[in-house]
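Written below as structure tokens is the structure these notes are about.
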Amino acid sequence: MRSILAAVAISATLLGASGCTKIKARDLIREGNSLYRDSLYSEAIEKYNEAETLEPDGITLYWNRACAAESLVLKLKDPSKAESRRKYADLALSDFKTWLDRLEAPEERDREEYEKHRLVILKADERCDDLLNYFLNEHNKFPEREELYARIAKQYDECGRTKEADEWIVKRTVDFPDSTRAYMALAIRRYEPLWPDEECENPQFNCNLEPTERLRIADDVLRLLNKANEIDPKFRDAYTWRSMAYTQRAFSHPFSDIPEDHTPEEKLNVIYQREDLLDAWKQAKARCDIDQLPECNPDKPPEEQTEQCCMLAPRPVSIEDQALDTQRKEEIKAEIEAAKQAALEDAGKKKKKKGKRGR
């Protein structure tokens with residue numbers, strides 16, 4: 001009987017000690033939470049660490065400590081703090097995983113919450129390989145998710161691996177040949193070299209590229225945008241970028257500022273420029289037509305327009321001038337071709353004459 005009473009007494013003592021320990025652990029967690037709310041994240045982590053020594057099998061403290069460590073990771077942006085940031089990133093990643101593993105019946109939203117925090121931490125700590133592996137694994141699991149192609153390409157870019165990023169943007173058009181967004185993304189990517197350079201004498205285009213190269217890039221962009229609109233004629237974003245591409249084409253036809261000095265080739269380039277400017281205007285007008293908006297009153301500023309309307313610039317080339325350009329273009333082409341033929345005949349005569357002298 002005495003031995004039984006002794007056992008009961010010992011058990012009660014142990015239970016009391018365990019209960020007090022848990023109460024102390026919960027008090028420390030509450031103190032940590034208060035420090036966290038005051039943005040004192042390091043101090044909060046110290047309290048959570050104390051609580052862990054008292055109640056290592058808990059769940060809540062791991063979530064709380066992970067959030068505090070994550071807050072420090074986001075705060076430590078200075079490159080000189082990279083070592084500290086990585087330490088807190090490791091802690092946050094470990095604690096979020098412990099929290100998820102210890103849930104009795106984790107739901108899908110719990111897993112989504114875990115992945116959301118994990119990606120935020122990996123990005124803040126600049127862990128390119130880990131992020132790439134995550135998105136590539138997601139692609140392997142869900143190859144039908146088109147949006148992952150854009151995310152993978154973006155991640156390659158953020159890791160400084162431009163070539164792989166380009167490959168994934170192209171791959172998207174191959175794997176999703178009926179996606180307007182896929183062709184749109186590739187067109188925007190190809191357009192990048194055409195962005196104007198503010199240091200150029202003419203800031204409307206990139207003077208670091210030769211006109212022929214700008215023309216080639218613009219034509220490639222237009223080809224992709226045309227494909228997007230073949231799939232969906234009302235895909236308005238394509239018209240916006242097509243207008244920009246035609247504008248860049250217009251700047252790719254060089255000619256002198258003195259009309260009297262124009263060669264036949266420069267005269268032709270003047271017409272080509274007007275045609276491209278007109279095509280750029282037509283794309284802007286097409287957007288208005290898709291939106292079914294009337295043209296704004298050109299005599300009033302935007303804030304004084306009485307109804308929703310399309311702010312469209314005046315037509316750059318009249319219908320009459322357009323017809324004259326078409327006629328004049330054929331005449332100039334014939335003139336250039338005649339000059340080439342005359343040059344060939346002249347070269348032939350000189351060669352023949354030189355041959356006779358040689359005999």
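By convention in this document, the chains of the structure tokens carry letters A, B, ... by their order, each chain's residues are numbered from 1, and ligands are numbered from 1 in the order they are shown.
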Contacts of Tyr36 in chain A within 10 Å, only C-alpha atoms, excl. fewer than 4 positions in-chain, as a list in words: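 Non-adjacent residues within range: Arg30, Glu31, Gly32, Leu40, Tyr41, Ser42, Glu43, Ala44, Ile45, Asn64, Arg65, Cys67, Ala68 and Ser71 of chain A.
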Residues near Ala187 in chain A, cut-off 12 Å, only C-alpha atoms, skip fewer than 6 positions along chain, as an NGL selection string: :A and (166 or 169-170 or 173 or 180-181 or 193-194 or 217-228 or 237-242 or 244-245)
Take the residues that were just selected and, keeping N, CA and C atoms, output them as a CSV table (one decimal), in the first residue's frame.
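Everything below was put into out-v9.csv:
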```csv
chain,number,residue,atom,x,y,z
A,166,ASP,N,15.6,32.6,-72.6
A,166,ASP,CA,15.2,32.7,-74.0
A,166,ASP,C,14.6,31.3,-74.5
A,169,ILE,N,11.1,30.7,-73.2
A,169,ILE,CA,10.1,31.6,-73.8
A,169,ILE,C,9.8,31.0,-75.2
A,170,VAL,N,10.8,30.5,-75.9
A,170,VAL,CA,10.5,29.9,-77.2
A,170,VAL,C,9.8,28.6,-77.0
A,173,THR,N,6.0,28.7,-76.9
A,173,THR,CA,5.2,28.8,-78.2
A,173,THR,C,5.2,27.4,-78.9
A,180,THR,N,-2.1,32.8,-77.5
A,180,THR,CA,-1.7,34.2,-77.9
A,180,THR,C,-0.7,34.8,-76.9
A,181,ARG,N,-0.8,34.4,-75.6
A,181,ARG,CA,0.1,35.0,-74.6
A,181,ARG,C,1.5,34.4,-74.9
A,193,PRO,N,15.8,44.8,-77.7
A,193,PRO,CA,16.9,45.6,-78.2
A,193,PRO,C,16.5,46.9,-78.8
A,194,LEU,N,15.2,47.0,-79.2
A,194,LEU,CA,14.7,48.2,-79.8
A,194,LEU,C,14.3,49.3,-78.9
A,217,ILE,N,14.9,43.1,-86.5
A,217,ILE,CA,14.2,42.8,-85.3
A,217,ILE,C,12.7,43.2,-85.3
A,218,ALA,N,12.4,44.4,-85.8
A,218,ALA,CA,11.0,44.8,-85.9
A,218,ALA,C,10.2,43.8,-86.8
A,219,ASP,N,10.8,43.3,-87.9
A,219,ASP,CA,10.0,42.4,-88.7
A,219,ASP,C,9.8,41.1,-88.0
A,220,ASP,N,10.8,40.6,-87.2
A,220,ASP,CA,10.6,39.4,-86.4
A,220,ASP,C,9.5,39.6,-85.4
A,221,VAL,N,9.5,40.7,-84.7
A,221,VAL,CA,8.4,41.0,-83.7
A,221,VAL,C,7.1,41.1,-84.4
A,222,LEU,N,7.0,41.7,-85.5
A,222,LEU,CA,5.7,41.8,-86.2
A,222,LEU,C,5.2,40.4,-86.6
A,223,ARG,N,6.1,39.5,-87.0
A,223,ARG,CA,5.7,38.2,-87.4
A,223,ARG,C,5.1,37.4,-86.3
A,224,LEU,N,5.7,37.6,-85.1
A,224,LEU,CA,5.1,36.9,-83.9
A,224,LEU,C,3.8,37.5,-83.5
A,225,LEU,N,3.7,38.8,-83.6
A,225,LEU,CA,2.4,39.5,-83.2
A,225,LEU,C,1.3,39.1,-84.2
A,226,ASN,N,1.7,39.0,-85.5
A,226,ASN,CA,0.7,38.6,-86.5
A,226,ASN,C,0.2,37.2,-86.1
A,227,LYS,N,1.1,36.3,-85.7
A,227,LYS,CA,0.7,35.0,-85.3
A,227,LYS,C,-0.3,35.0,-84.1
A,228,ALA,N,-0.1,35.9,-83.2
A,228,ALA,CA,-1.0,36.0,-82.0
A,228,ALA,C,-2.4,36.4,-82.5
A,237,ASP,N,-3.6,43.5,-77.0
A,237,ASP,CA,-2.2,43.8,-76.7
A,237,ASP,C,-1.3,43.7,-77.9
A,238,ALA,N,-1.6,42.8,-78.8
A,238,ALA,CA,-0.8,42.6,-80.0
A,238,ALA,C,-0.8,43.8,-80.8
A,239,TYR,N,-1.9,44.5,-80.9
A,239,TYR,CA,-2.0,45.7,-81.7
A,239,TYR,C,-1.2,46.9,-81.1
A,240,THR,N,-1.1,46.9,-79.8
A,240,THR,CA,-0.3,47.9,-79.1
A,240,THR,C,1.1,47.7,-79.4
A,241,TRP,N,1.6,46.5,-79.3
A,241,TRP,CA,3.0,46.3,-79.6
A,241,TRP,C,3.3,46.3,-81.1
A,242,ARG,N,2.3,46.0,-81.9
A,242,ARG,CA,2.6,46.1,-83.4
A,242,ARG,C,2.7,47.5,-83.8
A,244,MET,N,4.1,49.8,-81.9
A,244,MET,CA,5.4,50.2,-81.5
A,244,MET,C,6.5,49.6,-82.5
A,245,ALA,N,6.2,48.4,-82.9
A,245,ALA,CA,7.2,47.8,-83.9
A,245,ALA,C,7.2,48.5,-85.2
```
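Between Glu307 in chain A and the residues A:Asn208, A:Glu126, A:Gln273, A:Leu293, the shortest atom-to-atom distance, using only C-alpha atoms, involves A:Leu293.
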When you look at Thr60 in chain A with a cut-off of 12 Å (counting only C-alpha atoms), what residues show up, excluding the ones that are within fewer than 5 positions of it in the same chain? I need them as a PDB file with N, CA and C atoms, in the first residue's frame.
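The file below, selection.pdb, is the result:
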```pdb
ATOM      1  N   ALA A  25       6.550  27.747 -20.830  1.00  0.00           N
ATOM      2  CA  ALA A  25       6.822  27.799 -22.275  1.00  0.00           C
ATOM      3  C   ALA A  25       5.806  28.697 -22.980  1.00  0.00           C
ATOM      4  N   ARG A  26       4.540  28.559 -22.597  1.00  0.00           N
ATOM      5  CA  ARG A  26       3.495  29.383 -23.233  1.00  0.00           C
ATOM      6  C   ARG A  26       3.688  30.862 -22.896  1.00  0.00           C
ATOM      7  N   LEU A  28       6.548  32.310 -22.380  1.00  0.00           N
ATOM      8  CA  LEU A  28       7.661  32.769 -23.217  1.00  0.00           C
ATOM      9  C   LEU A  28       7.205  33.016 -24.659  1.00  0.00           C
ATOM     10  N   ILE A  29       6.326  32.152 -25.138  1.00  0.00           N
ATOM     11  CA  ILE A  29       5.797  32.337 -26.507  1.00  0.00           C
ATOM     12  C   ILE A  29       5.014  33.644 -26.591  1.00  0.00           C
ATOM     13  N   ARG A  30       4.205  33.915 -25.542  1.00  0.00           N
ATOM     14  CA  ARG A  30       3.435  35.175 -25.528  1.00  0.00           C
ATOM     15  C   ARG A  30       4.374  36.378 -25.491  1.00  0.00           C
ATOM     16  N   GLY A  32       7.367  36.426 -26.699  1.00  0.00           N
ATOM     17  CA  GLY A  32       7.939  36.489 -28.048  1.00  0.00           C
ATOM     18  C   GLY A  32       6.974  37.123 -29.037  1.00  0.00           C
ATOM     19  N   ASN A  33       5.701  36.787 -28.918  1.00  0.00           N
ATOM     20  CA  ASN A  33       4.686  37.357 -29.815  1.00  0.00           C
ATOM     21  C   ASN A  33       4.589  38.873 -29.645  1.00  0.00           C
ATOM     22  N   TYR A  48      11.431  32.533 -28.209  1.00  0.00           N
ATOM     23  CA  TYR A  48      10.957  31.273 -28.791  1.00  0.00           C
ATOM     24  C   TYR A  48      11.985  30.168 -28.556  1.00  0.00           C
ATOM     25  N   ALA A  51      11.487  28.922 -25.129  1.00  0.00           N
ATOM     26  CA  ALA A  51      10.263  28.107 -25.072  1.00  0.00           C
ATOM     27  C   ALA A  51      10.517  26.723 -25.645  1.00  0.00           C
ATOM     28  N   GLU A  52      11.344  26.631 -26.685  1.00  0.00           N
ATOM     29  CA  GLU A  52      11.626  25.333 -27.315  1.00  0.00           C
ATOM     30  C   GLU A  52      12.328  24.399 -26.344  1.00  0.00           C
ATOM     31  N   GLU A  55       9.492  23.157 -24.141  1.00  0.00           N
ATOM     32  CA  GLU A  55       8.431  22.384 -24.803  1.00  0.00           C
ATOM     33  C   GLU A  55       8.832  22.121 -26.267  1.00  0.00           C
ATOM     34  N   ARG A  65       8.327  31.404 -34.677  1.00  0.00           N
ATOM     35  CA  ARG A  65       9.752  31.679 -34.845  1.00  0.00           C
ATOM     36  C   ARG A  65      10.115  31.768 -36.332  1.00  0.00           C
ATOM     37  N   ALA A  66       9.483  30.946 -37.131  1.00  0.00           N
ATOM     38  CA  ALA A  66       9.719  31.002 -38.576  1.00  0.00           C
ATOM     39  C   ALA A  66       9.324  32.367 -39.138  1.00  0.00           C
ATOM     40  N   CYS A  67       8.191  32.886 -38.681  1.00  0.00           N
ATOM     41  CA  CYS A  67       7.731  34.205 -39.160  1.00  0.00           C
ATOM     42  C   CYS A  67       8.699  35.309 -38.734  1.00  0.00           C
ATOM     43  N   ASP A  95      11.942  25.788 -39.602  1.00  0.00           N
ATOM     44  CA  ASP A  95      10.783  25.885 -38.695  1.00  0.00           C
ATOM     45  C   ASP A  95       9.460  25.766 -39.442  1.00  0.00           C
ATOM     46  N   PHE A  96       9.361  26.352 -40.622  1.00  0.00           N
ATOM     47  CA  PHE A  96       8.123  26.202 -41.387  1.00  0.00           C
ATOM     48  C   PHE A  96       7.884  24.732 -41.741  1.00  0.00           C
ATOM     49  N   THR A  98       9.041  22.094 -40.017  1.00  0.00           N
ATOM     50  CA  THR A  98       8.679  21.409 -38.771  1.00  0.00           C
ATOM     51  C   THR A  98       7.215  21.638 -38.437  1.00  0.00           C
ATOM     52  N   TRP A  99       6.773  22.889 -38.601  1.00  0.00           N
ATOM     53  CA  TRP A  99       5.357  23.214 -38.341  1.00  0.00           C
ATOM     54  C   TRP A  99       4.442  22.364 -39.201  1.00  0.00           C
ATOM     55  N   LEU A 100       4.742  22.277 -40.502  1.00  0.00           N
ATOM     56  CA  LEU A 100       3.896  21.512 -41.423  1.00  0.00           C
ATOM     57  C   LEU A 100       3.924  20.025 -41.074  1.00  0.00           C
ATOM     58  N   ARG A 102       4.388  18.604 -38.255  1.00  0.00           N
ATOM     59  CA  ARG A 102       3.782  18.260 -36.962  1.00  0.00           C
ATOM     60  C   ARG A 102       2.270  18.471 -36.924  1.00  0.00           C
ATOM     61  N   LEU A 103       1.716  19.050 -37.955  1.00  0.00           N
ATOM     62  CA  LEU A 103       0.265  19.173 -37.988  1.00  0.00           C
ATOM     63  C   LEU A 103      -0.353  17.785 -38.088  1.00  0.00           C
TER      64      LEU A 103
END
```
Find the residues near Gly160 in chain A: any atom within 12 Å, counting only C-alpha atoms, skip ones fewer than 5 places away on the same chain, and give them as a list in words.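 The residues that qualify are Glu126, Cys128, Asp129, Ala153, Lys154, Gln155, Ala165 and Asp166 of chain A.
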So which residues touch Asp125 in chain A within 8 Å, counting only C-alpha atoms, skipping near sequence neighbours fewer than 6 positions away, as a VMD selection string? chain A and resid 73 82 85 to 86 89
How would the residues just chosen look if you wrote them out with C-alpha atoms as a PDB file, in the first residue's frame?
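Below is the file that was written, selection-v9.pdb:
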```
ATOM      1  CA  VAL A  73      15.516  37.776 -43.907  1.00  0.00           C
ATOM      2  CA  ALA A  82      24.353  38.099 -46.379  1.00  0.00           C
ATOM      3  CA  ARG A  85      20.441  36.649 -43.671  1.00  0.00           C
ATOM      4  CA  ARG A  86      21.341  33.098 -44.669  1.00  0.00           C
ATOM      5  CA  ALA A  89      16.714  31.930 -43.798  1.00  0.00           C
TER       6      ALA A  89
END
```
Hey, what's within 6 Å of range 310-313 of chain A if we count only C-alpha atoms and toss same-chain stuff fewer than 2 positions away? As an MDAnalysis selection string, please? chainID A and resid 288 293:296
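We find CA of Lys87 in chain A and CA of Ser39 in chain A to be spaced 18.5 Å apart.
Taking only C-alpha atoms into account, Ser94 in chain A lies nearest to A:Ile121 out of the set A:Ile152, A:Cys309, A:Ile121, A:Ala182.
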Atom pair CA of Tyr62 in chain A / CA of Glu46 in chain A: separation (Å):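 Distance reported for this atom pair: 12.5 Å.
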Using CA of Ala339 in chain A and CA of Leu268 in chain A as the two end points, give the distance in Å to one decimal.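 CA of Leu268 in chain A lies at a distance of 14.4 Å from CA of Ala339 in chain A.
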